[in-house]
$ cat data09.cif   # mmCIF, C-alpha atoms
data_protein
#
loop_
_atom_site.group_PDB
_atom_site.id
_atom_site.type_symbol
_atom_site.label_atom_id
_atom_site.label_comp_id
_atom_site.auth_asym_id
_atom_site.auth_seq_id
_atom_site.Cartn_x
_atom_site.Cartn_y
_atom_site.Cartn_z
ATOM 1 C CA MET A 1 151.064 40.288 3.318
ATOM 2 C CA SER A 2 153.686 37.951 1.856
ATOM 3 C CA ARG A 3 154.606 37.856 -1.799
ATOM 4 C CA ARG A 4 153.012 34.403 -2.124
ATOM 5 C CA GLN A 5 149.724 35.670 -0.662
ATOM 6 C CA LEU A 6 149.763 38.646 -3.044
ATOM 7 C CA LEU A 7 150.364 36.363 -6.045
ATOM 8 C CA MET A 8 147.552 34.025 -4.976
ATOM 9 C CA LEU A 9 145.198 36.952 -4.413
ATOM 10 C CA GLY A 10 146.119 38.415 -7.797
ATOM 11 C CA SER A 11 145.643 35.046 -9.508
ATOM 12 C CA ALA A 12 142.248 34.575 -7.882
ATOM 13 C CA GLY A 13 141.230 38.054 -9.029
ATOM 14 C CA ALA A 14 142.341 37.333 -12.577
ATOM 15 C CA VAL A 15 140.412 34.056 -12.646
ATOM 16 C CA ALA A 16 137.297 35.811 -11.331
ATOM 17 C CA ALA A 17 137.635 38.563 -13.932
ATOM 18 C CA LEU A 18 138.041 36.041 -16.756
ATOM 19 C CA ALA A 19 135.044 34.085 -15.511
ATOM 20 C CA GLY A 20 132.973 37.279 -15.538
ATOM 21 C CA VAL A 21 134.087 38.121 -19.068
ATOM 22 C CA GLY A 22 133.321 34.563 -20.174
ATOM 23 C CA LEU A 23 129.844 34.721 -18.667
ATOM 24 C CA ALA A 24 129.167 38.100 -20.253
ATOM 25 C CA SER A 25 130.288 36.892 -23.669
ATOM 26 C CA TRP A 26 128.194 33.722 -23.295
ATOM 27 C CA ARG A 27 125.131 35.898 -22.715
ATOM 28 C CA LEU A 28 125.938 37.978 -25.796
ATOM 29 C CA ARG A 29 126.782 35.115 -28.149
ATOM 30 C CA LEU A 30 123.411 34.336 -29.641
ATOM 31 C CA ALA A 31 123.138 32.689 -33.013
ATOM 32 C CA PRO A 32 122.164 34.886 -35.959
ATOM 33 C CA ALA A 33 118.406 34.950 -36.362
ATOM 34 C CA GLN A 34 116.929 33.279 -39.402
ATOM 35 C CA ILE A 35 113.697 35.182 -39.848
ATOM 36 C CA ASP A 36 111.568 34.293 -42.788
ATOM 37 C CA GLU A 37 107.953 34.688 -43.790
ATOM 38 C CA ASN A 38 107.122 31.422 -42.000
ATOM 39 C CA LEU A 39 107.485 33.245 -38.700
ATOM 40 C CA TRP A 40 104.353 35.261 -39.378
ATOM 41 C CA THR A 41 102.308 32.170 -40.298
ATOM 42 C CA GLN A 42 102.895 30.500 -36.919
ATOM 43 C CA ARG A 43 99.718 29.468 -35.082
ATOM 44 C CA PHE A 44 99.402 28.517 -31.433
ATOM 45 C CA GLU A 45 96.657 27.246 -29.173
ATOM 46 C CA ARG A 46 95.453 29.833 -26.672
ATOM 47 C CA PRO A 47 95.181 28.424 -23.145
ATOM 48 C CA ASP A 48 91.664 29.873 -22.833
ATOM 49 C CA GLY A 49 90.598 28.443 -26.199
ATOM 50 C CA GLY A 50 90.940 29.575 -29.757
ATOM 51 C CA GLU A 51 94.042 30.235 -31.765
ATOM 52 C CA LEU A 52 96.771 32.844 -31.650
ATOM 53 C CA THR A 53 98.405 33.741 -34.973
ATOM 54 C CA LEU A 54 101.506 35.902 -35.193
ATOM 55 C CA SER A 55 100.248 37.396 -38.464
ATOM 56 C CA ALA A 56 97.604 39.257 -36.437
ATOM 57 C CA PHE A 57 100.404 41.325 -34.888
ATOM 58 C CA ARG A 58 102.417 42.077 -38.008
ATOM 59 C CA GLY A 59 102.791 45.773 -38.710
ATOM 60 C CA GLN A 60 102.967 46.840 -35.075
ATOM 61 C CA PRO A 61 105.698 46.728 -32.435
ATOM 62 C CA LEU A 62 105.786 43.214 -31.008
ATOM 63 C CA ILE A 63 107.542 41.585 -28.089
ATOM 64 C CA VAL A 64 107.612 37.785 -28.101
ATOM 65 C CA ASN A 65 108.620 36.184 -24.824
ATOM 66 C CA PHE A 66 109.345 32.452 -24.608
ATOM 67 C CA TRP A 67 108.601 31.167 -21.121
ATOM 68 C CA ALA A 68 107.446 28.224 -18.985
ATOM 69 C CA THR A 69 105.643 27.860 -15.679
ATOM 70 C CA TRP A 70 108.565 25.849 -14.257
ATOM 71 C CA CYS A 71 111.092 28.642 -15.035
ATOM 72 C CA PRO A 72 111.552 30.997 -12.022
ATOM 73 C CA PRO A 73 113.116 33.898 -14.005
ATOM 74 C CA CYS A 74 110.256 33.619 -16.514
ATOM 75 C CA LEU A 75 107.698 34.006 -13.753
ATOM 76 C CA GLN A 76 109.610 36.888 -12.178
ATOM 77 C CA GLU A 77 109.477 38.930 -15.396
ATOM 78 C CA MET A 78 105.776 38.269 -16.108
ATOM 79 C CA PRO A 79 104.541 41.241 -14.025
ATOM 80 C CA ASP A 80 106.908 43.576 -15.920
ATOM 81 C CA LEU A 81 105.657 42.285 -19.268
ATOM 82 C CA ASP A 82 102.064 42.696 -18.091
ATOM 83 C CA ARG A 83 102.690 46.236 -16.861
ATOM 84 C CA LEU A 84 104.421 47.142 -20.125
ATOM 85 C CA GLN A 85 101.479 45.808 -22.149
ATOM 86 C CA ALA A 86 99.085 47.969 -20.121
ATOM 87 C CA ALA A 87 101.279 51.057 -20.432
ATOM 88 C CA TYR A 88 101.916 50.806 -24.187
ATOM 89 C CA ALA A 89 98.806 49.107 -25.583
ATOM 90 C CA GLN A 90 97.402 52.467 -26.732
ATOM 91 C CA SER A 91 100.529 53.051 -28.823
ATOM 92 C CA GLY A 92 100.038 49.724 -30.646
ATOM 93 C CA LEU A 93 102.527 47.569 -28.750
ATOM 94 C CA GLN A 94 101.605 43.912 -28.436
ATOM 95 C CA ILE A 95 103.278 41.401 -26.176
ATOM 96 C CA VAL A 96 102.929 37.694 -26.869
ATOM 97 C CA GLY A 97 104.020 35.075 -24.367
ATOM 98 C CA LEU A 98 104.769 31.693 -25.928
ATOM 99 C CA ALA A 99 104.785 28.882 -23.378
ATOM 100 C CA VAL A 100 107.133 26.054 -24.296
ATOM 101 C CA GLU A 101 105.144 23.421 -22.449
ATOM 102 C CA ASP A 102 101.722 21.784 -22.502
ATOM 103 C CA ALA A 103 98.522 23.784 -22.060
ATOM 104 C CA ALA A 104 97.391 22.348 -18.688
ATOM 105 C CA PRO A 105 100.084 23.950 -16.474
ATOM 106 C CA VAL A 106 99.768 27.203 -18.423
ATOM 107 C CA ARG A 107 96.004 27.296 -17.820
ATOM 108 C CA LYS A 108 96.527 26.612 -14.124
ATOM 109 C CA PHE A 109 99.167 29.338 -13.829
ATOM 110 C CA LEU A 110 97.057 31.925 -15.662
ATOM 111 C CA ALA A 111 94.007 31.120 -13.526
ATOM 112 C CA GLU A 112 96.052 32.134 -10.488
ATOM 113 C CA ARG A 113 98.046 34.968 -12.096
ATOM 114 C CA PRO A 114 96.263 36.359 -15.163
ATOM 115 C CA VAL A 115 98.070 38.672 -17.582
ATOM 116 C CA ARG A 116 96.820 41.297 -20.041
ATOM 117 C CA PHE A 117 98.955 40.165 -22.958
ATOM 118 C CA ALA A 118 98.326 37.359 -25.433
ATOM 119 C CA ILE A 119 99.501 33.872 -24.496
ATOM 120 C CA GLY A 120 100.053 31.022 -26.895
ATOM 121 C CA VAL A 121 101.009 27.448 -26.121
ATOM 122 C CA ALA A 122 103.943 26.608 -28.356
ATOM 123 C CA GLY A 123 104.795 23.378 -26.556
ATOM 124 C CA PRO A 124 108.252 21.861 -27.010
ATOM 125 C CA ALA A 125 108.230 23.059 -30.648
ATOM 126 C CA GLY A 126 108.555 26.588 -29.252
ATOM 127 C CA VAL A 127 112.197 25.848 -28.486
ATOM 128 C CA SER A 128 112.802 25.307 -32.224
ATOM 129 C CA LEU A 129 111.157 28.629 -33.026
ATOM 130 C CA ALA A 130 113.270 30.362 -30.369
ATOM 131 C CA ARG A 131 116.384 28.805 -31.914
ATOM 132 C CA ARG A 132 115.387 30.147 -35.342
ATOM 133 C CA LEU A 133 115.146 33.578 -33.730
ATOM 134 C CA GLY A 134 118.707 33.311 -32.425
ATOM 135 C CA ASN A 135 118.507 31.400 -29.140
ATOM 136 C CA ASP A 136 121.134 28.783 -29.911
ATOM 137 C CA ARG A 137 121.202 27.650 -26.269
ATOM 138 C CA GLY A 138 117.479 26.903 -26.058
ATOM 139 C CA GLY A 139 117.332 28.593 -22.649
ATOM 140 C CA LEU A 140 114.506 30.472 -20.992
ATOM 141 C CA PRO A 141 113.328 33.117 -20.758
ATOM 142 C CA PHE A 142 114.083 34.368 -24.247
ATOM 143 C CA THR A 143 112.673 37.643 -25.527
ATOM 144 C CA VAL A 144 112.660 39.166 -29.001
ATOM 145 C CA VAL A 145 111.423 42.589 -30.081
ATOM 146 C CA PHE A 146 110.164 43.402 -33.579
ATOM 147 C CA ASP A 147 109.516 46.881 -34.907
ATOM 148 C CA GLY A 148 106.420 47.831 -36.898
ATOM 149 C CA ARG A 149 108.071 46.638 -40.128
ATOM 150 C CA GLY A 150 108.558 43.155 -38.687
ATOM 151 C CA GLU A 151 112.316 43.541 -38.315
ATOM 152 C CA LEU A 152 114.025 41.947 -35.336
ATOM 153 C CA ARG A 153 115.470 44.803 -33.274
ATOM 154 C CA HIS A 154 116.395 43.253 -29.917
ATOM 155 C CA ARG A 155 116.752 39.836 -28.371
ATOM 156 C CA LYS A 156 117.826 38.596 -25.006
ATOM 157 C CA LEU A 157 118.406 35.241 -23.386
ATOM 158 C CA GLY A 158 117.683 35.651 -19.697
ATOM 159 C CA GLN A 159 115.387 37.689 -17.500
ATOM 160 C CA THR A 160 114.408 41.177 -18.626
ATOM 161 C CA SER A 161 113.202 44.122 -16.581
ATOM 162 C CA TYR A 162 110.567 46.763 -17.140
ATOM 163 C CA ALA A 163 113.230 49.452 -17.626
ATOM 164 C CA GLU A 164 115.125 47.367 -20.179
ATOM 165 C CA LEU A 165 111.979 46.511 -22.134
ATOM 166 C CA GLU A 166 110.765 50.102 -22.055
ATOM 167 C CA GLY A 167 114.160 51.273 -23.317
ATOM 168 C CA TRP A 168 113.888 48.924 -26.287
ATOM 169 C CA ILE A 169 110.334 50.077 -27.048
ATOM 170 C CA ARG A 170 111.251 53.760 -26.905
ATOM 171 C CA LYS A 171 113.957 53.160 -29.516
ATOM 172 C CA LEU A 172 111.407 51.790 -31.973
#

$ encode --input "data09.cif" --output "structure tokens"
Amino acid sequence: MSRRQLLMLGSAGAVAALAGVGLASWRLRLAPAQIDENLWTQRFERPDGGELTLSAFRGQPLIVNFWATWCPPCLQEMPDLDRLQAAYAQSGLQIVGLAVEDAAPVRKFLAERPVRFAIGVAGPAGVSLARRLGNDRGGLPFTVVFDGRGELRHRKLGQTSYAELEGWIRKL
């Protein structure tokens, strides 16, 4: 291999490494969360009727997942969230999915793929709530984990997995 080819290969490798570091730091750079008492007074329409209030879950471990039916990674993690709810419900864990869209597509989705955790329809205003919890990009899915004292312990922009979620819960 010529010296020029080696230099080009090395340069390409350096660019790829920097791109990977940039992507990793983008994923980690979430805005500081501004949690106040207003969080626990939030109320959302349930797709099946009634109202979901976050205050009902205060004092227990809580995972809040912001999602939408048009978001493929959101839909891919739904079975893991559902399985986690079933596995840890006896220990007091509650998972709440907040859809950041209108109720009609959420109802249709849940009719085809029901879940065992609570769902609220936050609509477009859900993006503002996610931003207050540290999602400065407004992307989906976005997941936050609160301990039994209501303190934010974990947050992630992007798809989660069962193992990752379970690891967070075990640390509570």

$ atom_distance --input "data09.cif" --atom1 "CA of Glu166 in chain A" --atom2 "CA of Phe117 in chain A"
15.5 Å

$ atom_distance --input "data09.cif" --atom1 "CA of Phe109 in chain A" --atom2 "CA of Leu152 in chain A"
29.0 Å

$ residues_around --input "data09.cif" --residues "Asp48 in chain A" --least-positions-apart "3" --cutoff "12 Å" --atoms "all atoms listed in the file" --output "list in words"
Phe44, Glu45, Glu51, Leu52, Ala103, Ala104, Val106, Arg107, Lys108, Phe109, Leu110, Ala111, Pro114, Ala118, Ile119, Gly120 and Val121 of chain A

$ closest_residue --input "data09.cif" --among "A:Asn65, A:Lys171, A:Pro72, A:Glu164" --to "Asn135 in chain A" --atoms "only C-alpha atoms"
A:Asn65

$ closest_residue --input "data09.cif" --among "A:Pro47, A:Pro124, A:Pro105, A:Gly59" --to "Arg149 in chain A" --atoms "all atoms listed in the file"
A:Gly59

$ atom_distance --input "data09.cif" --atom1 "CA of Leu165 in chain A" --atom2 "CA of Glu101 in chain A"
24.1 Å

$ resolve_selection --input "data09.cif" --expression "the PyMOL selection byres ((chain A and resi 40) around 10)" --output "list in words"
Ile35, Asp36, Glu37, Asn38, Leu39, Thr41, Gln42, Arg43, Thr53, Leu54, Ser55, Ala56, Phe57, Arg58 and Gly150 of chain A

$ residues_around --input "data09.cif" --residues "Arg153 in chain A" --least-positions-apart "6" --cutoff "12 Å" --atoms "all atoms listed in the file" --output "MDAnalysis selection string"
chainID A and resid 33 35 61:64 133:134 143:147 165 167:172

$ write_last_selection --input "data09.cif" --atoms "C-alpha atoms" --output "PDB file, keeping the file's coordinate frame"
ATOM      1  CA  ALA A  33     118.406  34.950 -36.362  1.00  0.00           C
ATOM      2  CA  ILE A  35     113.697  35.182 -39.848  1.00  0.00           C
ATOM      3  CA  PRO A  61     105.698  46.728 -32.435  1.00  0.00           C
ATOM      4  CA  LEU A  62     105.786  43.214 -31.008  1.00  0.00           C
ATOM      5  CA  ILE A  63     107.542  41.585 -28.089  1.00  0.00           C
ATOM      6  CA  VAL A  64     107.612  37.785 -28.101  1.00  0.00           C
ATOM      7  CA  LEU A 133     115.146  33.578 -33.730  1.00  0.00           C
ATOM      8  CA  GLY A 134     118.707  33.311 -32.425  1.00  0.00           C
ATOM      9  CA  THR A 143     112.673  37.643 -25.527  1.00  0.00           C
ATOM     10  CA  VAL A 144     112.660  39.166 -29.001  1.00  0.00           C
ATOM     11  CA  VAL A 145     111.423  42.589 -30.081  1.00  0.00           C
ATOM     12  CA  PHE A 146     110.164  43.402 -33.579  1.00  0.00           C
ATOM     13  CA  ASP A 147     109.516  46.881 -34.907  1.00  0.00           C
ATOM     14  CA  LEU A 165     111.979  46.511 -22.134  1.00  0.00           C
ATOM     15  CA  GLY A 167     114.160  51.273 -23.317  1.00  0.00           C
ATOM     16  CA  TRP A 168     113.888  48.924 -26.287  1.00  0.00           C
ATOM     17  CA  ILE A 169     110.334  50.077 -27.048  1.00  0.00           C
ATOM     18  CA  ARG A 170     111.251  53.760 -26.905  1.00  0.00           C
ATOM     19  CA  LYS A 171     113.957  53.160 -29.516  1.00  0.00           C
ATOM     20  CA  LEU A 172     111.407  51.790 -31.973  1.00  0.00           C
TER      21      LEU A 172
END

$ closest_residue --input "data09.cif" --among "A:Gly97, A:Pro73, A:Gly148, A:Gly92" --to "Gly123 in chain A" --atoms "all atoms listed in the file"
A:Gly97

$ resolve_selection --input "data09.cif" --expression "the PyMOL selection byres ((chain A and resi 79-83) around 8)" --output "PyMOL selection string"
chain A and resi 75-78+84-87+95+115-117+161-162

$ closest_residue --input "data09.cif" --among "A:Ser91, A:Gln60, A:Gln159, A:Ser128" --to "Phe142 in chain A" --atoms "all atoms listed in the file"
A:Gln159
